[in-house]
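Structure file query14.txt; described as compact mmCIF, C-alpha atoms.
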```
# COMPACT_ATOMS: atom_id res chain seq x y z
CA MET P 1 -30.90 4.96 -11.75
CA ALA P 2 -32.78 7.97 -10.36
CA GLY P 3 -31.46 7.07 -6.91
CA ASN P 4 -27.91 7.09 -8.24
CA THR P 5 -28.47 10.50 -9.86
CA HIS P 6 -29.70 11.88 -6.53
CA GLN P 7 -26.67 10.43 -4.75
CA ASN P 8 -24.35 11.85 -7.40
CA GLN P 9 -25.74 15.31 -6.66
CA LYS P 10 -25.22 14.85 -2.91
CA ASN P 11 -21.69 13.56 -3.50
CA ALA P 12 -20.76 16.49 -5.73
CA GLY P 13 -17.46 17.93 -4.58
CA ARG P 14 -16.58 14.85 -2.54
CA ILE P 15 -13.70 12.46 -3.25
CA ILE P 16 -15.24 9.12 -4.19
CA ILE P 17 -13.66 5.85 -3.05
CA SER P 18 -14.68 2.57 -4.69
CA VAL P 19 -15.04 -0.24 -2.13
CA ASP P 20 -15.25 -3.99 -2.68
CA ALA P 21 -17.74 -4.95 0.03
CA MET P 22 -17.40 -8.71 -0.32
CA GLY P 23 -13.71 -9.62 -0.06
CA GLY P 24 -13.11 -9.64 3.70
CA ASP P 25 -13.22 -12.57 6.08
CA ALA P 26 -15.98 -10.99 8.17
CA GLY P 27 -18.35 -10.14 5.30
CA PRO P 28 -19.97 -6.91 4.09
CA ALA P 29 -21.33 -5.79 7.48
CA VAL P 30 -17.81 -5.01 8.71
CA VAL P 31 -16.95 -3.17 5.47
CA VAL P 32 -20.08 -1.02 5.75
CA ALA P 33 -19.28 -0.30 9.40
CA GLY P 34 -15.78 0.74 8.33
CA ILE P 35 -16.92 3.17 5.63
CA ALA P 36 -19.47 4.57 8.11
CA MET P 37 -16.60 5.34 10.51
CA SER P 38 -14.77 7.12 7.69
CA ALA P 39 -17.87 9.06 6.68
CA ASP P 40 -18.45 10.15 10.27
CA LYS P 41 -14.90 11.54 10.51
CA ASN P 42 -14.68 13.02 7.02
CA PRO P 43 -17.46 15.02 5.33
CA ASP P 44 -15.47 15.19 2.08
CA ILE P 45 -15.67 11.48 1.26
CA GLY P 46 -18.26 9.49 -0.70
CA PHE P 47 -18.41 5.85 -1.75
CA ILE P 48 -19.31 3.45 -4.53
CA LEU P 49 -20.06 0.10 -2.89
CA HIS P 50 -19.80 -3.13 -4.89
CA GLY P 51 -21.62 -6.39 -4.11
CA PRO P 52 -25.20 -7.75 -3.95
CA GLU P 53 -27.16 -4.49 -4.06
CA ASP P 54 -30.14 -5.57 -1.99
CA GLU P 55 -27.93 -6.87 0.83
CA LEU P 56 -25.72 -3.78 0.81
CA LYS P 57 -28.64 -1.34 0.75
CA ALA P 58 -30.09 -2.99 3.87
CA LEU P 59 -26.76 -2.63 5.70
CA VAL P 60 -26.20 0.97 4.59
CA ALA P 61 -29.74 1.95 5.61
CA LYS P 62 -28.79 1.21 9.24
CA LYS P 63 -25.98 3.81 9.13
CA ARG P 64 -27.51 7.29 9.08
CA VAL P 65 -24.14 8.92 8.46
CA LEU P 66 -24.06 7.18 5.05
CA ASP P 67 -27.36 8.66 3.90
CA GLY P 68 -26.89 10.05 0.39
CA ARG P 69 -23.17 9.26 0.34
CA VAL P 70 -23.17 5.76 -1.16
CA GLU P 71 -23.80 4.59 -4.70
CA PHE P 72 -24.27 0.90 -5.39
CA ARG P 73 -23.00 -1.38 -8.14
CA ASP P 74 -24.71 -4.74 -8.16
CA ALA P 75 -22.12 -7.57 -8.35
CA ARG P 76 -23.29 -11.05 -7.46
CA ASP P 77 -20.04 -13.01 -7.60
CA VAL P 78 -17.25 -12.96 -5.00
CA VAL P 79 -13.51 -13.59 -5.26
CA THR P 80 -12.66 -15.96 -2.40
CA MET P 81 -9.32 -16.30 -0.62
CA HIS P 82 -8.90 -19.71 -2.26
CA ASP P 83 -9.40 -18.56 -5.86
CA LYS P 84 -6.33 -18.63 -8.08
CA PRO P 85 -5.44 -15.28 -9.72
CA SER P 86 -5.37 -16.90 -13.18
CA GLN P 87 -8.93 -18.18 -12.72
CA VAL P 88 -10.14 -14.78 -11.51
CA MET P 89 -8.58 -13.06 -14.52
CA ARG P 90 -10.49 -15.39 -16.85
CA ASN P 91 -13.80 -15.62 -14.99
CA GLY P 92 -13.96 -12.68 -12.59
CA LYS P 93 -15.96 -10.16 -14.59
CA GLY P 94 -19.08 -10.50 -12.44
CA THR P 95 -17.27 -10.17 -9.11
CA SER P 96 -17.35 -7.25 -6.67
CA MET P 97 -13.56 -6.94 -6.94
CA TRP P 98 -13.65 -6.54 -10.73
CA SER P 99 -16.49 -4.03 -10.41
CA ALA P 100 -14.62 -1.98 -7.78
CA LEU P 101 -11.56 -1.68 -10.02
CA ASP P 102 -13.72 -0.80 -13.02
CA SER P 103 -15.06 2.26 -11.18
CA VAL P 104 -11.48 3.54 -10.98
CA LYS P 105 -10.79 2.64 -14.60
CA GLN P 106 -13.92 4.53 -15.73
CA GLY P 107 -13.01 7.60 -13.69
CA GLU P 108 -15.99 7.28 -11.34
CA ALA P 109 -13.75 6.90 -8.26
CA ALA P 110 -10.37 8.25 -7.21
CA GLY P 111 -9.21 4.95 -5.72
CA ALA P 112 -10.30 1.42 -4.82
CA VAL P 113 -10.19 -0.48 -1.53
CA SER P 114 -10.57 -4.24 -1.13
CA CYS P 115 -10.06 -6.74 1.71
CA GLY P 116 -9.94 -9.59 -0.79
CA ASN P 117 -7.45 -12.11 -2.13
CA THR P 118 -4.13 -10.24 -2.60
CA GLY P 119 -2.94 -12.21 -5.62
CA ALA P 120 -6.28 -11.89 -7.38
CA LEU P 121 -6.50 -8.18 -6.58
CA MET P 122 -3.04 -7.52 -8.03
CA ALA P 123 -3.78 -9.62 -11.12
CA LEU P 124 -7.10 -7.87 -11.78
CA SER P 125 -5.55 -4.46 -11.05
CA MET P 126 -2.91 -5.05 -13.71
CA LEU P 127 -5.56 -6.35 -16.11
CA ARG P 128 -8.05 -3.51 -15.63
CA LEU P 129 -5.82 -0.54 -14.77
CA ARG P 130 -2.59 -1.60 -16.53
CA LYS P 131 0.94 -0.92 -15.37
CA LEU P 132 2.46 2.53 -15.76
CA PRO P 133 4.77 2.74 -18.77
CA GLY P 134 8.24 1.74 -17.66
CA VAL P 135 7.14 -0.34 -14.66
CA ASN P 136 8.19 -3.98 -14.92
CA ARG P 137 6.71 -5.22 -11.64
CA PRO P 138 4.22 -3.26 -9.47
CA ALA P 139 4.87 -3.35 -5.73
CA ILE P 140 2.84 -3.32 -2.54
CA ALA P 141 3.97 -0.64 -0.08
CA ILE P 142 3.00 -0.67 3.59
CA LEU P 143 3.50 1.65 6.53
CA TRP P 144 5.62 0.19 9.33
CA PRO P 145 5.66 1.76 12.85
CA SER P 146 9.11 3.23 13.43
CA LEU P 147 11.27 5.45 15.61
CA ASN P 148 11.30 8.18 12.95
CA PRO P 149 9.63 11.54 13.73
CA GLN P 150 6.77 10.70 11.34
CA GLY P 151 6.13 7.50 13.32
CA PHE P 152 6.30 5.20 10.28
CA ASN P 153 8.59 3.87 7.58
CA VAL P 154 7.46 2.67 4.16
CA MET P 155 8.51 -0.80 3.04
CA LEU P 156 8.09 -2.29 -0.42
CA ASP P 157 7.58 -4.80 -1.92
CA VAL P 158 5.67 -6.89 0.64
CA GLY P 159 4.15 -9.48 -1.64
CA ALA P 160 3.17 -8.29 -5.11
CA ASP P 161 5.91 -10.43 -6.67
CA VAL P 162 8.36 -12.74 -4.90
CA ARG P 163 11.06 -11.93 -7.45
CA ALA P 164 12.87 -8.66 -8.04
CA ASP P 165 16.04 -7.94 -10.00
CA ALA P 166 18.27 -4.88 -9.62
CA GLN P 167 16.19 -2.75 -11.99
CA ASP P 168 13.00 -3.68 -10.12
CA LEU P 169 14.57 -2.70 -6.80
CA LEU P 170 15.59 0.65 -8.30
CA GLN P 171 12.00 1.16 -9.47
CA TYR P 172 10.73 0.33 -5.98
CA ALA P 173 13.08 2.95 -4.53
CA LEU P 174 11.78 5.60 -6.92
CA MET P 175 8.12 4.71 -6.33
CA GLY P 176 8.67 4.47 -2.57
CA THR P 177 10.18 7.95 -2.39
CA SER P 178 7.21 9.36 -4.29
CA TYR P 179 4.83 7.64 -1.88
CA VAL P 180 6.68 9.01 1.18
CA ARG P 181 6.72 12.55 -0.23
CA ASN P 182 2.96 12.49 -0.71
CA SER P 183 1.89 10.55 2.38
CA MET P 184 4.37 12.00 4.90
CA ASP P 185 5.43 15.34 3.40
CA ILE P 186 9.13 14.44 3.49
CA ALA P 187 10.85 16.38 0.71
CA ARG P 188 14.02 14.26 0.56
CA PRO P 189 13.37 10.73 1.85
CA ARG P 190 16.15 8.41 2.98
CA VAL P 191 16.20 5.04 1.21
CA GLY P 192 17.70 1.81 2.56
CA LEU P 193 18.14 -1.50 0.72
CA LEU P 194 17.36 -4.51 2.94
CA ASN P 195 20.23 -7.01 3.22
CA VAL P 196 21.79 -9.50 5.65
CA GLY P 197 24.28 -6.85 6.77
CA THR P 198 25.20 -3.22 6.18
CA GLU P 199 28.65 -3.90 4.69
CA GLU P 200 28.82 -3.33 0.92
CA HIS P 201 30.50 -6.71 0.26
CA LYS P 202 27.53 -8.63 1.75
CA GLY P 203 24.53 -9.96 -0.15
CA ASN P 204 23.97 -11.62 -3.50
CA ALA P 205 24.94 -10.24 -6.91
CA GLU P 206 21.51 -8.67 -7.56
CA LEU P 207 21.58 -6.76 -4.29
CA LYS P 208 25.08 -5.47 -4.98
CA GLU P 209 24.01 -4.35 -8.47
CA ALA P 210 20.90 -2.69 -7.03
CA HIS P 211 23.06 -0.89 -4.46
CA GLY P 212 25.08 0.71 -7.24
CA LEU P 213 22.00 1.59 -9.31
CA ILE P 214 20.07 3.19 -6.46
CA ALA P 215 23.13 5.16 -5.34
CA SER P 216 23.66 6.49 -8.87
CA TYR P 217 20.05 7.75 -9.13
CA ALA P 218 19.81 9.34 -5.68
CA GLU P 219 20.87 12.86 -6.63
CA ASP P 220 18.76 13.15 -9.81
CA ALA P 221 15.72 11.64 -8.05
CA SER P 222 16.16 13.84 -4.93
CA PHE P 223 16.54 11.21 -2.24
CA ASP P 224 19.33 10.16 0.10
CA PHE P 225 20.56 6.58 -0.21
CA VAL P 226 21.79 5.26 3.16
CA GLY P 227 23.00 1.97 1.66
CA PHE P 228 22.28 -1.49 2.99
CA VAL P 229 20.08 -1.82 6.08
CA GLU P 230 19.25 -4.85 8.23
CA GLY P 231 15.98 -6.28 9.56
CA SER P 232 16.46 -4.43 12.84
CA ASP P 233 16.41 -1.14 10.90
CA ILE P 234 12.88 -1.68 9.53
CA PRO P 235 11.27 -0.12 12.65
CA GLY P 236 14.31 2.13 13.23
CA ASP P 237 15.23 5.68 12.28
CA VAL P 238 18.00 5.25 9.70
CA ALA P 239 15.71 5.28 6.64
CA ASP P 240 12.23 6.38 5.57
CA VAL P 241 11.91 3.86 2.72
CA ILE P 242 12.97 0.21 3.02
CA VAL P 243 13.38 -1.54 -0.35
CA THR P 244 13.27 -5.32 -0.73
CA ASP P 245 11.75 -8.11 -2.84
CA GLY P 246 8.22 -9.36 -2.23
CA PHE P 247 9.25 -12.68 -0.66
CA THR P 248 11.45 -11.08 2.00
CA GLY P 249 9.02 -8.21 2.57
CA ASN P 250 6.05 -10.51 3.09
CA VAL P 251 7.95 -12.67 5.57
CA ALA P 252 9.00 -9.51 7.43
CA ILE P 253 5.50 -8.03 7.67
CA LYS P 254 3.96 -11.31 8.89
CA THR P 255 6.75 -11.62 11.47
CA GLY P 256 6.13 -8.05 12.62
CA GLU P 257 2.39 -8.63 12.98
CA GLY P 258 3.01 -11.80 14.99
CA THR P 259 5.52 -10.07 17.26
CA ALA P 260 3.14 -7.17 17.93
CA SER P 261 0.39 -9.65 18.83
CA LEU P 262 2.76 -11.51 21.16
CA MET P 263 3.74 -8.27 22.92
CA ARG P 264 0.11 -7.27 23.49
CA THR P 265 -0.73 -10.72 24.86
CA ALA P 266 2.36 -10.78 27.09
CA LEU P 267 1.58 -7.34 28.52
CA ARG P 268 -2.03 -8.31 29.20
CA ASP P 269 -0.94 -11.51 30.96
CA ALA P 270 1.73 -9.70 32.97
CA PHE P 271 -0.66 -7.04 34.26
CA SER P 272 -3.39 -9.55 35.15
CA TYR P 273 -1.05 -11.93 37.02
CA SER P 274 -1.89 -10.74 40.55
CA ILE P 275 -3.77 -8.12 42.55
CA LEU P 276 -0.65 -5.94 42.68
CA SER P 277 -0.04 -6.20 38.94
CA LYS P 278 -3.69 -5.30 38.26
CA PHE P 279 -3.30 -2.25 40.50
CA ALA P 280 -0.10 -1.33 38.63
CA ALA P 281 -2.04 -1.64 35.35
CA LEU P 282 -4.62 0.86 36.61
CA LEU P 283 -1.87 3.33 37.49
CA ALA P 284 -0.27 2.86 34.07
CA MET P 285 -3.55 2.81 32.11
CA THR P 286 -2.89 5.97 30.08
CA SER P 287 0.59 4.85 29.06
CA LEU P 288 -0.62 1.33 28.27
CA LYS P 289 -3.37 2.68 26.01
CA ARG P 290 -0.83 4.84 24.21
CA LEU P 291 1.46 1.83 23.74
CA SER P 292 -1.42 -0.36 22.58
CA LYS P 293 -2.42 2.23 20.00
CA ARG P 294 1.16 2.48 18.78
CA LEU P 295 1.34 -1.31 18.29
CA ASP P 296 -2.17 -1.68 16.82
CA PRO P 297 -1.78 -2.98 13.23
CA ARG P 298 -5.30 -1.77 12.39
CA ARG P 299 -4.07 1.83 12.43
CA VAL P 300 -1.76 1.18 9.48
CA ASN P 301 -4.00 -1.31 7.68
CA GLY P 302 -3.67 -0.87 3.96
CA GLY P 303 -1.02 -1.79 1.43
CA VAL P 304 -0.84 0.51 -1.60
CA PHE P 305 -0.31 -1.01 -5.04
CA LEU P 306 2.36 1.13 -6.68
CA GLY P 307 3.07 1.20 -10.42
CA LEU P 308 -0.52 1.12 -11.77
CA ASN P 309 -2.68 3.61 -13.64
CA GLY P 310 -4.80 4.24 -10.57
CA THR P 311 -4.77 3.97 -6.78
CA VAL P 312 -5.58 0.58 -5.21
CA VAL P 313 -5.37 -0.09 -1.46
CA LYS P 314 -5.35 -3.66 -0.18
CA SER P 315 -6.89 -3.97 3.28
CA HIS P 316 -6.11 -6.98 5.48
CA GLY P 317 -8.54 -9.83 4.87
CA GLY P 318 -9.30 -10.09 8.59
CA ALA P 319 -9.70 -6.34 9.10
CA ASP P 320 -12.42 -5.10 11.44
CA ALA P 321 -14.30 -1.81 10.98
CA THR P 322 -11.35 0.20 12.34
CA GLY P 323 -9.00 -1.47 9.87
CA VAL P 324 -11.32 -0.88 6.91
CA SER P 325 -11.67 2.76 7.93
CA ALA P 326 -7.86 3.11 8.03
CA ALA P 327 -7.54 1.69 4.51
CA VAL P 328 -10.25 4.04 3.23
CA LYS P 329 -8.53 6.99 4.92
CA LEU P 330 -5.28 6.10 3.16
CA ALA P 331 -6.99 5.88 -0.25
CA PHE P 332 -8.71 9.22 0.40
CA ARG P 333 -5.51 10.98 1.40
CA LEU P 334 -3.62 9.73 -1.64
CA ALA P 335 -6.46 10.88 -3.89
CA GLN P 336 -6.53 14.25 -2.15
CA GLN P 337 -2.78 14.63 -2.83
CA GLY P 338 -3.15 13.68 -6.50
CA PHE P 339 -0.73 10.84 -5.80
CA ALA P 340 -1.52 8.69 -8.87
CA GLU P 341 -0.64 11.55 -11.23
CA LYS P 342 2.51 12.45 -9.29
CA LEU P 343 3.66 8.82 -9.26
CA ALA P 344 3.11 8.54 -13.02
CA ALA P 345 5.26 11.65 -13.53
CA ARG P 346 7.96 10.22 -11.23
CA VAL P 347 8.03 6.91 -13.11
CA ALA P 348 8.12 8.71 -16.48
CA SER P 349 11.09 10.81 -15.36
CA SER P 350 12.92 7.69 -14.08
CA VAL P 351 12.34 5.97 -17.42
CA ALA P 352 13.78 9.02 -19.17
CA LEU P 353 16.84 8.88 -16.92
CA THR P 354 17.26 5.18 -17.69
CA GLN P 355 16.99 5.81 -21.41
CA ASP P 356 19.57 8.58 -21.15
CA ASP P 357 21.93 6.17 -19.36
CA VAL P 358 21.37 3.50 -22.02
CA ALA P 359 21.96 6.06 -24.77
CA GLN P 360 25.18 7.23 -23.11
CA THR P 361 26.35 3.63 -22.72
CA SER P 362 25.56 2.95 -26.39
CA ASP P 363 27.38 6.12 -27.48
CA THR P 364 30.41 5.16 -25.39
CA ALA P 365 30.43 1.66 -26.89
CA ALA P 366 30.09 3.12 -30.39
CA ASP P 367 32.95 5.56 -29.75
CA LYS P 368 35.17 2.70 -28.55
CA ALA P 369 34.27 0.62 -31.59
CA THR P 370 35.04 3.54 -33.91
CA THR P 371 38.36 4.17 -32.16
CA LYS P 372 39.36 0.51 -32.52
CA LYS P 373 38.36 0.58 -36.20
CA ASP P 374 40.38 3.74 -36.82
CA LEU P 375 43.37 2.16 -35.13
```

Will you turn the file into structure tokens for me?
Amino acid sequence: MAGNTHQNQKNAGRIIISVDAMGGDAGPAVVVAGIAMSADKNPDIGFILHGPEDELKALVAKKRVLDGRVEFRDARDVVTMHDKPSQVMRNGKGTSMWSALDSVKQGEAAGAVSCGNTGALMALSMLRLRKLPGVNRPAIAILWPSLNPQGFNVMLDVGADVRADAQDLLQYALMGTSYVRNSMDIARPRVGLLNVGTEEHKGNAELKEAHGLIASYAEDASFDFVGFVEGSDIPGDVADVIVTDGFTGNVAIKTGEGTASLMRTALRDAFSYSILSKFAALLAMTSLKRLSKRLDPRRVNGGVFLGLNGTVVKSHGGADATGVSAAVKLAFRLAQQGFAEKLAARVASSVALTQDDVAQTSDTAADKATTKKDL
């Protein structure tokens, strides 16, 4: 306990990020290497690390940059990738994931990062942090490399829930615009609704209803609705926020990751094919490095859980140290911007708008009923 008090004093004034050290495929050594990279780049960040304390202390001791910047919470159990969310909700109290979320719930940390089981992390996040009032289904938002000036688009949902009705899609649009404002400094984001075509008559009934809802809220919520967009627009420049259901979004992100991997492999093979191609690769080295960095999914590793009473960032299960560092950086920046509080205010205002609409609809129905009665 004395050690923790000493670390608290050293971390005074820093933004503290709670990190589940045990959820990733590569184990805690990679997570510790990732937070060390973040600490080296950012003097204003501190950590609470969750997992077997003796093992984590030995790993942290090897990283001088982490000296005095890490607190430990001993958690002996681990949520595996094969655990069912329902089982984790019932029996997960002793796990590093549960402990990491509890640090946010107790106000010890400004956000949590985990490389663990996505379904379990969302289930525990809703259990420990609770949904914001007015949010039916939380969403996972990710950054997608794009042709826009900011270099990225935001897409949600990418897997929190495979279902989404029109009201859910409206909520995603409102939460997505808040995320873009705070992560990209875009005052009036452009929102697109993912569909099989851009024509208004295309798509199922829920998408058509969502189109009308989102369009009707655009002015009051200070965003521009560009209407339906297609899959080819996800990395394009027609929208800043791409709204879709979790099933479609998850398929899209996995397809994008696979395509990026294919492109990197194809380029490497092409430039190693012959002596001439190897020489051409040397001449183009600077441009190739720039392209590789642009296509590197580790740079945008981290899906943000939107719609909760707290900030949670899901890192890819197979993330290396660079990927973990990117997820930590995202959690830090959102905390620095006061994003959780701003999102809660945005959701509250959208609920108020919805209630006003319901009240107006009820008043109109009552007026019509009264008129019919008078007649």

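Separating atom CA of Val154 of chain P from atom CA of Thr322 of chain P is a distance of 20.7 Å.
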
> So which one's closest to Glu206 of chain P, P:Met37, P:Met175, P:Ile234, P:Ala166? Using all atoms listed in the file, please.
Replying inline: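 Nearest candidate to Glu206 of chain P out of P:Met37, P:Met175, P:Ile234, P:Ala166: P:Ala166.
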
>> Under the rule that only C-alpha atoms are counted, which of P:Val243, P:Leu129, P:Ala39, P:Ala21 is the nearest residue to Asn153 of chain P?
In response: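 Closest to Asn153 of chain P of all the choices is P:Val243.
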
> Taking all atoms listed in the file into account, which of P:Thr80, P:Ser18, P:Asn136, P:Gln106 comes nearest Leu308 of chain P?
Replying inline: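 The answer is P:Asn136, which sits nearest to Leu308 of chain P.
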
>> Could you check the closest approach to Ser86 of chain P for each of P:Glu200, P:Leu121, P:Arg188, P:Lys329 and tell me which residue wins, using all atoms listed in the file?
In response: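 Nearest candidate to Ser86 of chain P out of P:Glu200, P:Leu121, P:Arg188, P:Lys329: P:Leu121.
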
> Looking at all atoms listed in the file, which of P:Gly107, P:Val65, P:Gln87, P:Pro145 is the one that sits closest to Ser38 of chain P?
Replying inline: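 Closest residue, counting all atoms listed in the file: P:Val65.
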
Given only C-alpha atoms, how would the per-residue table for segment 232-336 of chain P near segment 210-228 of chain P read, listing every residue at most 10 Å away with its closest atom pair and distance in Å to one decimal, sorted by chain and number, as a Markdown table?
```
| residue | atom | partner | partner_atom | distance |
| --- | --- | --- | --- | --- |
| P:Asp233 | CA | P:Phe228 | CA | 9.9 |
| P:Val238 | CA | P:Val226 | CA | 7.6 |
| P:Ala239 | CA | P:Val226 | CA | 7.0 |
| P:Asp240 | CA | P:Asp224 | CA | 9.7 |
| P:Val241 | CA | P:Phe225 | CA | 9.5 |
| P:Ile242 | CA | P:Phe228 | CA | 9.5 |
| P:Val243 | CA | P:Phe228 | CA | 9.5 |
```

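The interatomic distance for the pair atom CA of Asn309 of chain P and atom CA of Leu132 of chain P works out to 5.7 Å.
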
> At what distance in Å, to one decimal, does atom CA of Ala344 of chain P lie from atom CA of Leu170 of chain P?
Replying inline: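 Atom CA of Leu170 of chain P sits 15.5 Å away from atom CA of Ala344 of chain P.
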
>> Under the rule that all atoms listed in the file are counted, which of P:Gly134, P:Ile17, P:Leu156, P:Leu194 is the nearest residue to Leu330 of chain P?
In response: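 Going through P:Gly134, P:Ile17, P:Leu156, P:Leu194 one by one, the smallest distance to Leu330 of chain P is for P:Ile17.
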
Within 10 Å of (-10.9, 9.6, -10.8) (coordinates as in the file), grab all the protein and nucleic acid residues, counting only C-alpha atoms, and write them out as a CSV table (one decimal) with C-alpha atoms, keeping the file's coordinate frame.
```
chain,number,residue,atom,x,y,z
P,15,ILE,CA,-13.7,12.5,-3.2
P,16,ILE,CA,-15.2,9.1,-4.2
P,17,ILE,CA,-13.7,5.8,-3.0
P,103,SER,CA,-15.1,2.3,-11.2
P,104,VAL,CA,-11.5,3.5,-11.0
P,105,LYS,CA,-10.8,2.6,-14.6
P,106,GLN,CA,-13.9,4.5,-15.7
P,107,GLY,CA,-13.0,7.6,-13.7
P,108,GLU,CA,-16.0,7.3,-11.3
P,109,ALA,CA,-13.8,6.9,-8.3
P,110,ALA,CA,-10.4,8.2,-7.2
P,111,GLY,CA,-9.2,5.0,-5.7
P,310,GLY,CA,-4.8,4.2,-10.6
P,311,THR,CA,-4.8,4.0,-6.8
P,335,ALA,CA,-6.5,10.9,-3.9
P,338,GLY,CA,-3.2,13.7,-6.5
P,340,ALA,CA,-1.5,8.7,-8.9
```

How big is the axis-aligned box around all listed atoms of segment 101-111 of chain P once 5 Å goes on each side, and where's its centre, in Å to one decimal, as lines of an AutoDock Vina configuration file?
```
center_x = -12.6
center_y = 3.3
center_z = -10.7
size_x = 16.8
size_y = 19.9
size_z = 20.0
```

>> So that I can see what lies close to segment 88-98 of chain P, please list as a PyMOL selection string the residues with an atom at most 9 Å from it, counting only C-alpha atoms and leaving out residues fewer than 2 positions away in the same chain.
In response: chain P and resi 19-23+49-52+73-79+83-86+100-103+114+116+120-121+123-125+127-128

> Which neighbours of Lys278 of chain P fall inside 12 Å, counting only C-alpha atoms, when residues of the same chain fewer than 6 positions from it are skipped, and could you give them as a ChimeraX atom specification?
Replying inline: /P:267-272,284-285
